[in-house]
$ cat structure00.txt   # compact mmCIF, C-alpha atoms
# COMPACT_ATOMS: atom_id res chain seq x y z
CA MET A 851 118.14 43.79 131.35
CA LYS A 852 119.98 47.10 131.04
CA ILE A 853 123.21 47.00 129.04
CA GLY A 854 126.12 49.39 129.43
CA PHE A 855 128.20 50.19 126.36
CA ILE A 856 131.53 52.00 126.60
CA GLY A 857 133.27 53.01 123.38
CA LEU A 858 131.09 54.18 120.49
CA GLY A 859 133.58 54.47 117.66
CA ILE A 860 133.52 53.09 114.12
CA MET A 861 132.72 49.59 115.39
CA GLY A 862 131.09 50.25 118.75
CA SER A 863 128.44 52.66 117.51
CA PRO A 864 126.72 50.29 115.04
CA MET A 865 127.11 47.39 117.48
CA ALA A 866 125.35 49.37 120.19
CA LYS A 867 122.59 50.38 117.79
CA ASN A 868 121.95 46.73 116.96
CA ILE A 869 121.60 45.96 120.67
CA MET A 870 118.98 48.70 120.94
CA LYS A 871 117.16 47.41 117.86
CA ALA A 872 116.89 44.05 119.63
CA GLY A 873 114.97 45.77 122.44
CA TYR A 874 117.57 46.18 125.16
CA ASP A 875 117.84 49.35 127.25
CA LEU A 876 121.25 50.96 126.90
CA VAL A 877 123.50 53.14 129.05
CA VAL A 878 126.34 54.64 127.04
CA ASN A 879 129.66 56.33 127.62
CA THR A 880 132.17 57.53 125.04
CA HIS A 881 134.55 60.45 124.52
CA ASN A 882 132.56 61.93 121.62
CA ALA A 883 129.81 64.17 123.01
CA ALA A 884 127.99 64.31 119.67
CA THR A 885 127.76 60.53 119.59
CA VAL A 886 126.40 60.47 123.12
CA ARG A 887 123.72 62.98 122.09
CA GLU A 888 122.84 60.83 119.10
CA PHE A 889 122.31 57.79 121.31
CA VAL A 890 120.29 59.76 123.84
CA GLY A 891 118.09 60.82 120.94
CA LEU A 892 117.61 57.14 120.10
CA GLY A 893 116.50 56.41 123.66
CA ALA A 894 119.73 55.49 125.43
CA GLU A 895 120.82 56.88 128.78
CA ALA A 896 124.12 58.73 129.07
CA ALA A 897 126.71 58.07 131.77
CA ALA A 898 129.66 60.24 132.73
CA ASN A 899 132.19 57.41 133.18
CA GLY A 900 132.64 53.68 133.65
CA ARG A 901 131.66 53.83 137.30
CA GLU A 902 128.28 55.34 136.44
CA VAL A 903 127.73 52.81 133.67
CA ALA A 904 128.41 50.00 136.15
CA GLU A 905 126.03 51.51 138.72
CA LYS A 906 123.19 51.46 136.17
CA ALA A 907 123.79 48.32 134.09
CA GLU A 908 123.99 44.59 134.74
CA VAL A 909 126.23 43.89 131.76
CA ILE A 910 128.93 46.26 130.51
CA ILE A 911 130.27 45.93 126.98
CA THR A 912 133.54 47.66 126.17
CA MET A 913 134.73 48.35 122.61
CA LEU A 914 137.97 50.27 122.97
CA PRO A 915 141.20 50.81 120.99
CA ASN A 916 143.69 48.71 122.95
CA SER A 917 144.78 47.16 126.25
CA PRO A 918 145.61 50.41 128.12
CA GLN A 919 142.16 51.86 127.45
CA VAL A 920 140.40 48.68 128.57
CA ARG A 921 142.50 48.61 131.75
CA GLU A 922 141.75 52.28 132.47
CA VAL A 923 138.00 51.97 131.86
CA CYS A 924 137.72 48.81 133.96
CA LEU A 925 140.24 49.40 136.75
CA GLY A 926 141.16 53.10 136.71
CA GLU A 927 139.76 56.07 138.59
CA GLY A 928 136.05 56.42 137.86
CA GLY A 929 136.14 53.00 136.23
CA VAL A 930 133.82 50.04 136.14
CA LEU A 931 135.34 48.43 139.21
CA GLU A 932 134.28 51.37 141.39
CA GLY A 933 130.61 51.09 140.47
CA ALA A 934 130.15 47.37 139.89
CA GLY A 935 128.41 44.89 142.15
CA ASP A 936 129.14 41.22 142.58
CA ARG A 937 126.71 40.32 139.79
CA THR A 938 128.19 42.65 137.21
CA VAL A 939 129.53 41.09 134.02
CA VAL A 940 132.06 42.79 131.76
CA ILE A 941 132.15 41.72 128.11
CA ASP A 942 135.22 43.23 126.50
CA MET A 943 134.81 43.16 122.72
CA SER A 944 138.01 45.11 122.06
CA SER A 945 140.96 43.43 120.38
CA ILE A 946 143.73 43.44 122.97
CA ASP A 947 146.67 41.40 124.25
CA PRO A 948 145.30 38.16 125.78
CA THR A 949 147.80 38.51 128.62
CA GLU A 950 146.08 41.78 129.55
CA SER A 951 142.63 40.20 129.26
CA ARG A 952 143.64 37.63 131.85
CA ALA A 953 145.20 40.24 134.15
CA ILE A 954 142.19 42.57 134.01
CA ALA A 955 139.82 39.66 134.59
CA ALA A 956 141.84 38.61 137.63
CA GLU A 957 141.49 42.09 139.16
CA LEU A 958 137.76 42.23 138.46
CA SER A 959 137.25 38.77 139.95
CA LYS A 960 138.46 40.03 143.34
CA LYS A 961 135.15 41.89 143.57
CA GLY A 962 133.19 38.97 142.14
CA ILE A 963 132.91 40.50 138.67
CA GLU A 964 132.88 38.05 135.76
CA MET A 965 134.57 38.91 132.48
CA LEU A 966 134.41 37.57 128.95
CA ASP A 967 136.86 38.56 126.23
CA CYS A 968 134.89 38.59 122.98
CA PRO A 969 136.74 40.37 120.17
CA VAL A 970 135.10 40.61 116.78
CA SER A 971 135.99 40.21 113.12
CA GLY A 972 134.24 41.63 110.10
CA GLY A 973 134.94 45.34 110.14
CA GLU A 974 132.52 48.23 109.94
CA PRO A 975 130.20 46.75 107.25
CA LYS A 976 129.46 43.67 109.34
CA ALA A 977 129.17 45.77 112.50
CA ILE A 978 126.47 47.77 110.73
CA ASP A 979 124.48 44.80 109.46
CA GLY A 980 124.93 42.79 112.66
CA SER A 981 126.83 39.89 111.09
CA LEU A 982 130.14 40.07 112.96
CA SER A 983 132.08 36.96 113.89
CA VAL A 984 132.62 36.93 117.65
CA MET A 985 135.18 34.71 119.39
CA CYS A 986 134.76 34.36 123.14
CA GLY A 987 136.88 33.45 126.15
CA GLY A 988 135.79 33.12 129.77
CA ARG A 989 133.61 30.86 131.86
CA LYS A 990 131.34 28.76 129.65
CA GLU A 991 128.32 29.32 131.92
CA ILE A 992 128.64 33.10 131.53
CA TRP A 993 129.01 32.76 127.77
CA ASP A 994 125.87 30.61 127.67
CA LYS A 995 123.92 33.20 129.65
CA TYR A 996 124.78 36.10 127.34
CA TYR A 997 124.91 34.28 124.02
CA ASP A 998 121.62 35.80 122.86
CA LEU A 999 122.85 39.30 123.69
CA LEU A 1000 126.04 38.73 121.69
CA MET A 1001 124.01 37.41 118.76
CA THR A 1002 122.22 40.76 118.42
CA MET A 1003 125.51 42.02 116.96
CA ALA A 1004 126.74 38.93 115.19
CA GLY A 1005 126.31 36.28 112.57
CA SER A 1006 128.32 33.81 114.63
CA VAL A 1007 129.38 33.68 118.28
CA VAL A 1008 131.86 30.91 119.08
CA TYR A 1009 133.15 29.88 122.50
CA VAL A 1010 136.92 29.30 122.30
CA GLY A 1011 138.00 28.58 125.89
CA PRO A 1012 139.07 30.25 129.17
CA ILE A 1013 139.57 33.98 129.56
CA GLY A 1014 142.07 35.31 127.02
CA SER A 1015 141.17 32.67 124.45
CA GLY A 1016 138.94 35.05 122.53
CA ASN A 1017 141.83 37.42 121.95
CA VAL A 1018 144.16 34.54 121.04
CA ALA A 1019 141.65 33.61 118.33
CA LYS A 1020 141.36 37.24 117.18
CA LEU A 1021 145.12 37.62 116.92
CA ALA A 1022 145.30 34.39 114.90
CA ASN A 1023 142.63 35.88 112.63
CA GLN A 1024 144.57 39.11 112.20
CA MET A 1025 147.80 37.25 111.46
CA ILE A 1026 146.05 35.29 108.70
CA VAL A 1027 144.31 38.37 107.27
CA ALA A 1028 147.57 40.36 107.17
CA ALA A 1029 149.45 37.61 105.34
CA ASN A 1030 146.52 37.08 102.96
CA ILE A 1031 146.22 40.77 102.07
CA GLY A 1032 149.97 40.91 101.58
CA ILE A 1033 150.08 38.07 99.07
CA VAL A 1034 147.01 39.35 97.20
CA ALA A 1035 148.74 42.71 96.76
CA GLU A 1036 152.00 41.05 95.76
CA ALA A 1037 150.38 38.70 93.24
CA LEU A 1038 148.26 41.37 91.54
CA THR A 1039 151.25 43.71 91.29
CA PHE A 1040 153.25 40.82 89.83
CA ALA A 1041 150.53 40.30 87.23
CA LYS A 1042 150.60 43.95 86.20
CA LYS A 1043 154.40 44.13 85.99
CA ALA A 1044 154.39 40.90 83.95
CA GLY A 1045 152.09 42.54 81.40
CA THR A 1046 148.81 40.84 82.31
CA ASP A 1047 145.63 42.64 83.38
CA PRO A 1048 145.44 42.13 87.17
CA GLU A 1049 141.65 42.45 87.12
CA LEU A 1050 141.37 39.54 84.70
CA VAL A 1051 143.83 37.56 86.81
CA TYR A 1052 141.62 38.18 89.85
CA LYS A 1053 138.55 36.96 87.97
CA ALA A 1054 140.43 33.91 86.74
CA ILE A 1055 141.66 32.74 90.15
CA ARG A 1056 138.88 33.72 92.55
CA GLY A 1057 136.93 30.50 91.96
CA GLY A 1058 139.91 28.23 92.60
CA LEU A 1059 142.01 27.34 95.61
CA ALA A 1060 143.40 30.87 95.81
CA GLY A 1061 139.89 32.23 96.32
CA SER A 1062 139.15 33.68 99.75
CA THR A 1063 137.00 36.21 101.56
CA VAL A 1064 140.03 38.50 101.71
CA LEU A 1065 140.62 38.19 97.96
CA ASP A 1066 137.01 39.06 97.14
CA ALA A 1067 136.84 41.90 99.65
CA LYS A 1068 140.20 43.54 99.00
CA ALA A 1069 141.22 42.85 95.38
CA PRO A 1070 138.39 45.00 93.93
CA MET A 1071 139.36 47.85 96.28
CA MET A 1072 143.01 47.58 95.26
CA LEU A 1073 142.04 47.55 91.59
CA ALA A 1074 139.86 50.63 92.08
CA GLY A 1075 142.49 52.51 94.06
CA ASP A 1076 139.99 52.72 96.94
CA TYR A 1077 141.73 53.01 100.31
CA LYS A 1078 138.77 54.31 102.30
CA PRO A 1079 139.06 52.54 105.65
CA GLY A 1080 136.91 49.65 106.66
CA PHE A 1081 139.78 48.50 108.87
CA ARG A 1082 142.68 50.92 109.16
CA ILE A 1083 146.37 50.12 108.82
CA ASN A 1084 147.12 51.65 112.24
CA LEU A 1085 144.62 49.30 113.89
CA HIS A 1086 146.13 46.31 112.12
CA VAL A 1087 149.56 47.43 113.33
CA LYS A 1088 148.11 47.47 116.85
CA ASP A 1089 146.85 43.90 116.44
CA LEU A 1090 150.13 42.66 114.99
CA THR A 1091 152.00 44.33 117.86
CA ASN A 1092 149.82 42.35 120.28
CA ALA A 1093 150.35 39.18 118.23
CA LEU A 1094 154.12 39.61 118.32
CA ASN A 1095 154.12 40.35 122.05
CA ALA A 1096 151.88 37.36 122.84
CA SER A 1097 153.86 34.99 120.61
CA HIS A 1098 157.22 36.08 121.98
CA ALA A 1099 155.91 35.56 125.51
CA ILE A 1100 155.57 31.85 124.68
CA ASN A 1101 158.78 31.68 122.58
CA MET A 1102 156.82 31.26 119.35
CA PRO A 1103 158.53 32.44 116.16
CA VAL A 1104 156.08 34.17 113.79
CA PRO A 1105 158.14 35.21 110.74
CA MET A 1106 155.21 35.87 108.38
CA THR A 1107 153.50 38.09 110.95
CA ALA A 1108 156.78 39.91 111.57
CA HIS A 1109 157.23 40.51 107.84
CA MET A 1110 153.74 42.00 107.49
CA MET A 1111 154.44 44.24 110.47
CA GLU A 1112 157.49 45.62 108.65
CA VAL A 1113 155.42 46.20 105.51
CA MET A 1114 152.83 48.11 107.51
CA GLN A 1115 155.54 50.15 109.21
CA GLU A 1116 156.57 51.36 105.74
CA LEU A 1117 152.96 52.42 105.12
CA MET A 1118 152.86 54.26 108.44
CA ASN A 1119 155.98 56.18 107.40
CA HIS A 1120 154.09 57.34 104.31
CA GLU A 1121 151.29 58.66 106.55
CA GLU A 1122 148.91 55.95 105.35
CA GLY A 1123 147.96 54.62 108.79
CA GLY A 1124 144.42 55.90 108.36
CA CYS A 1125 143.93 54.00 105.09
CA ASP A 1126 142.28 50.61 104.74
CA HIS A 1127 144.66 47.70 105.16
CA ASN A 1128 144.30 46.97 101.45
CA ASP A 1129 146.70 49.92 101.17
CA VAL A 1130 149.43 47.26 101.43
CA VAL A 1131 149.29 47.26 97.62
CA ARG A 1132 150.94 50.69 97.60
CA TYR A 1133 154.00 49.19 99.32
CA TYR A 1134 154.42 46.98 96.26
CA GLU A 1135 153.64 49.84 93.89
CA ARG A 1136 156.43 51.92 95.41
CA MET A 1137 158.88 49.03 95.08
CA THR A 1138 157.99 48.17 91.48
CA GLY A 1139 156.98 51.50 89.98
CA VAL A 1140 153.68 50.11 88.65
CA SER A 1141 150.16 50.69 89.90
CA ILE A 1142 147.43 48.10 89.45
CA ALA A 1143 144.88 50.92 89.78
CA GLU A 1144 146.50 53.38 87.37
CA ASP A 1145 144.05 52.74 84.53
CA LYS A 1146 141.14 53.51 86.88
CA GLU A 1147 142.77 56.72 88.08
CA GLN A 1148 143.22 58.29 84.60

$ encode --input "structure00.txt" --output "structure tokens"
Amino acid sequence: MKIGFIGLGIMGSPMAKNIMKAGYDLVVNTHNAATVREFVGLGAEAAANGREVAEKAEVIITMLPNSPQVREVCLGEGGVLEGAGDRTVVIDMSSIDPTESRAIAAELSKKGIEMLDCPVSGGEPKAIDGSLSVMCGGRKEIWDKYYDLLMTMAGSVVYVGPIGSGNVAKLANQMIVAANIGIVAEALTFAKKAGTDPELVYKAIRGGLAGSTVLDAKAPMMLAGDYKPGFRINLHVKDLTNALNASHAINMPVPMTAHMMEVMQELMNHEEGGCDHNDVVRYYERMTGVSIAEDKEQ
């Protein structure tokens, strides 16, 4: 089975490499010519656009920044729709608005093309080691058929429901992560301003009810003043924008999500959109005048 992969960025590139390691033949397309050359050197075949990918591959995986890019690659000029047959399957692993997932799937279905929406969680480290969490929407029979393919990139692949459900689950994930990072940053800054070592506070609470994957992943980075991106602020803003749009479409108030969006807007105004989302701690540092990482920086 030949797999098409469109979008070889921070996440897509290691995901595609894991597919190749599992023994699948790959056809790739991305904007970065150097990345295409790298994959050709690894044994992949290059394609000029989505149409050419669809002409050569049975399954097309897309890993793109947002809804407009997925729509363009699938439905636009030179897109997947132009080259696909009635047995083509599109697996969109981007994180986009579930309303758009459903709309794109509806257009593809007119030509008999199946679509799954399968966004991922775990960031670049888990993309590299193939342990991503994947949440999937679409027809259950299609998910069953390509489960093994998805598992080449993942530690868990969970079926959530009809098309769009994968992105609903991903947005729920991003809402929880944003609020969790926010309160970790707030609590550690509180500890420092109250005169207590925030690193010792972290060690004291991590084994209790406050312990979480977010706490263990992000508190050490905050304490070290390390804002190198695993998952960038500007991407989290994109996800929260989709979460707000999707929630407002169903008249759902989401005040905690809205608050974290405002916090991240402040970070964007300080040109920190390219930083890891643990950069939220600097929002609190600017408000309080204390830095939980200052001892490490001296």

$ residues_around --input "structure00.txt" --residues "Glu1036 of chain A" --least-positions-apart "3" --cutoff "8 Å" --atoms "only C-alpha atoms" --output "short mmCIF file (atom, residue, chain, number, x, y, z; two decimals) with C-alpha atoms, in the frame of the given file"
data_model
loop_
_atom_site.label_atom_id
_atom_site.label_comp_id
_atom_site.auth_asym_id
_atom_site.auth_seq_id
_atom_site.Cartn_x
_atom_site.Cartn_y
_atom_site.Cartn_z
CA GLY A 1032 149.97 40.91 101.58
CA ILE A 1033 150.08 38.07 99.07
CA THR A 1039 151.25 43.71 91.29
CA PHE A 1040 153.25 40.82 89.83
CA VAL A 1131 149.29 47.26 97.62
CA TYR A 1134 154.42 46.98 96.26
#

$ atom_distance --input "structure00.txt" --atom1 "atom CA of Glu1049 of chain A" --atom2 "atom CA of Met1072 of chain A"
9.7 Å

$ residues_around --input "structure00.txt" --residues "segment 1125-1128 of chain A" --least-positions-apart "5" --cutoff "6 Å" --atoms "only C-alpha atoms" --output "VMD selection string"
chain A and resid 1068 1077 to 1083

$ atom_distance --input "structure00.txt" --atom1 "atom CA of Glu974 of chain A" --atom2 "atom CA of Ile860 of chain A"
6.5 Å

$ closest_residue --input "structure00.txt" --among "A:Pro1012, A:Pro1105, A:Gly900, A:Gly1061" --to "Gly987 of chain A" --atoms "only C-alpha atoms"
A:Pro1012

$ residues_near_point --input "structure00.txt" --point "(138.8, 43.1, 93.8)" --cutoff "12 Å" --atoms "all atoms listed in the file" --output "PyMOL selection string"
chain A and resi 1031+1034-1035+1038+1048-1056+1061-1076+1128+1131+1142-1143

$ residues_around --input "structure00.txt" --residues "Glu927 of chain A" --least-positions-apart "4" --cutoff "10 Å" --atoms "all atoms listed in the file" --output "ChimeraX atom specification"
/A:899-901,922-923,931-932

$ residues_around --input "structure00.txt" --residues "Gly929 of chain A" --least-positions-apart "4" --cutoff "12 Å" --atoms "all atoms listed in the file" --output "number ranges by chain"
A: 856, 879, 897-905, 910, 912, 919-925, 933-934, 940, 958

$ residues_near_point --input "structure00.txt" --point "(126.1, 40.9, 134.7)" --cutoff "12 Å" --atoms "all atoms listed in the file" --output "PyMOL selection string"
chain A and resi 851-854+904-911+934-941+962-966+992-993+995-996+999

$ closest_residue --input "structure00.txt" --among "A:Met865, A:Gly1057, A:Ala1096, A:Ala1028" --to "Glu1112 of chain A" --atoms "all atoms listed in the file"
A:Ala1028

$ closest_residue --input "structure00.txt" --among "A:Glu888, A:Asp967, A:Glu991, A:Glu1116" --to "Gly1016 of chain A" --atoms "only C-alpha atoms"
A:Asp967

$ closest_residue --input "structure00.txt" --among "A:Glu1135, A:Glu1121, A:Asp1129, A:Ala1029" --to "Val1104 of chain A" --atoms "all atoms listed in the file"
A:Ala1029

$ closest_residue --input "structure00.txt" --among "A:Leu892, A:Ser1006, A:Asn1092, A:Gln1115" --to "Met1025 of chain A" --atoms "all atoms listed in the file"
A:Asn1092

$ atom_distance --input "structure00.txt" --atom1 "atom CA of Pro948 of chain A" --atom2 "atom CA of Asn1023 of chain A"
13.6 Å

$ closest_residue --input "structure00.txt" --among "A:Arg952, A:His881, A:Lys960, A:His1086" --to "Leu1117 of chain A" --atoms "only C-alpha atoms"
A:His1086

$ axis_aligned_box --input "structure00.txt" --around "segment 947-965 of chain A" --padding-each-side "3 Å" --output "AutoDock Vina command-line options"
--center_x 140.3 --center_y 40.1 --center_z 133.9 --size_x 20.9 --size_y 10.9 --size_z 25.3

$ residues_around --input "structure00.txt" --residues "Val984 of chain A" --least-positions-apart "2" --cutoff "6 Å" --atoms "only C-alpha atoms" --output "list in words"
Pro969, Val970 and Val1007 of chain A

$ build_atoms --input "structure00.txt" --residues "segment 1042-1053 of chain A" --atoms "all heavy atoms" --output "short mmCIF file (atom, residue, chain, number, x, y, z; two decimals), in the frame of the given file"
data_model
loop_
_atom_site.label_atom_id
_atom_site.label_comp_id
_atom_site.auth_asym_id
_atom_site.auth_seq_id
_atom_site.Cartn_x
_atom_site.Cartn_y
_atom_site.Cartn_z
N LYS A 1042 150.51 42.71 86.98
CA LYS A 1042 150.60 43.95 86.20
C LYS A 1042 152.01 44.15 85.64
O LYS A 1042 152.17 44.49 84.46
CB LYS A 1042 150.22 45.13 87.10
CG LYS A 1042 150.27 46.49 86.42
CD LYS A 1042 149.26 46.56 85.27
CE LYS A 1042 149.26 47.95 84.61
NZ LYS A 1042 148.55 48.93 85.44
N LYS A 1043 153.01 43.93 86.45
CA LYS A 1043 154.40 44.13 85.99
C LYS A 1043 154.78 43.11 84.92
O LYS A 1043 155.61 43.39 84.05
CB LYS A 1043 155.37 44.08 87.16
CG LYS A 1043 156.76 44.63 86.80
CD LYS A 1043 157.56 44.99 88.02
CE LYS A 1043 158.95 45.52 87.64
NZ LYS A 1043 158.91 46.80 86.92
N ALA A 1044 154.13 41.94 84.95
CA ALA A 1044 154.39 40.90 83.95
C ALA A 1044 153.60 41.13 82.66
O ALA A 1044 153.71 40.33 81.72
CB ALA A 1044 154.06 39.53 84.53
N GLY A 1045 152.79 42.20 82.63
CA GLY A 1045 152.09 42.54 81.40
C GLY A 1045 150.71 41.94 81.25
O GLY A 1045 150.14 41.94 80.14
N THR A 1046 150.14 41.45 82.34
CA THR A 1046 148.81 40.84 82.31
C THR A 1046 147.85 41.68 83.16
O THR A 1046 148.23 42.17 84.22
CB THR A 1046 148.87 39.40 82.85
OG1 THR A 1046 149.81 38.65 82.08
CG2 THR A 1046 147.51 38.72 82.78
N ASP A 1047 146.62 41.83 82.68
CA ASP A 1047 145.63 42.64 83.38
C ASP A 1047 145.33 42.02 84.75
O ASP A 1047 144.81 40.90 84.82
CB ASP A 1047 144.34 42.70 82.55
CG ASP A 1047 143.30 43.64 83.13
OD1 ASP A 1047 143.33 43.91 84.35
OD2 ASP A 1047 142.42 44.09 82.37
N PRO A 1048 145.65 42.72 85.85
CA PRO A 1048 145.44 42.13 87.17
C PRO A 1048 143.96 41.88 87.49
O PRO A 1048 143.64 40.97 88.25
CB PRO A 1048 146.05 43.15 88.13
CG PRO A 1048 146.09 44.43 87.36
CD PRO A 1048 146.27 44.05 85.93
N GLU A 1049 143.07 42.68 86.88
CA GLU A 1049 141.65 42.45 87.12
C GLU A 1049 141.20 41.13 86.52
O GLU A 1049 140.42 40.38 87.12
CB GLU A 1049 140.81 43.60 86.57
CG GLU A 1049 139.33 43.47 86.91
CD GLU A 1049 138.55 44.74 86.63
OE1 GLU A 1049 139.11 45.68 86.03
OE2 GLU A 1049 137.37 44.79 87.02
N LEU A 1050 141.70 40.81 85.33
CA LEU A 1050 141.37 39.54 84.70
C LEU A 1050 142.01 38.37 85.45
O LEU A 1050 141.41 37.29 85.54
CB LEU A 1050 141.80 39.55 83.24
CG LEU A 1050 141.08 40.57 82.34
CD1 LEU A 1050 141.59 40.46 80.91
CD2 LEU A 1050 139.56 40.38 82.40
N VAL A 1051 143.21 38.59 85.98
CA VAL A 1051 143.83 37.56 86.81
C VAL A 1051 142.97 37.28 88.03
O VAL A 1051 142.72 36.12 88.39
CB VAL A 1051 145.26 37.99 87.22
CG1 VAL A 1051 145.82 37.03 88.29
CG2 VAL A 1051 146.17 38.02 86.01
N TYR A 1052 142.51 38.35 88.69
CA TYR A 1052 141.62 38.18 89.85
C TYR A 1052 140.39 37.35 89.49
O TYR A 1052 140.03 36.39 90.20
CB TYR A 1052 141.21 39.56 90.39
CG TYR A 1052 139.97 39.54 91.25
CD1 TYR A 1052 139.94 38.79 92.44
CD2 TYR A 1052 138.84 40.25 90.88
CE1 TYR A 1052 138.78 38.76 93.22
CE2 TYR A 1052 137.70 40.22 91.66
CZ TYR A 1052 137.67 39.47 92.83
OH TYR A 1052 136.53 39.44 93.60
N LYS A 1053 139.76 37.70 88.38
CA LYS A 1053 138.55 36.96 87.97
C LYS A 1053 138.87 35.51 87.64
O LYS A 1053 138.04 34.61 87.88
CB LYS A 1053 137.92 37.65 86.77
CG LYS A 1053 137.29 39.00 87.10
CD LYS A 1053 136.73 39.69 85.85
CE LYS A 1053 136.09 41.02 86.22
NZ LYS A 1053 135.57 41.73 85.01
#
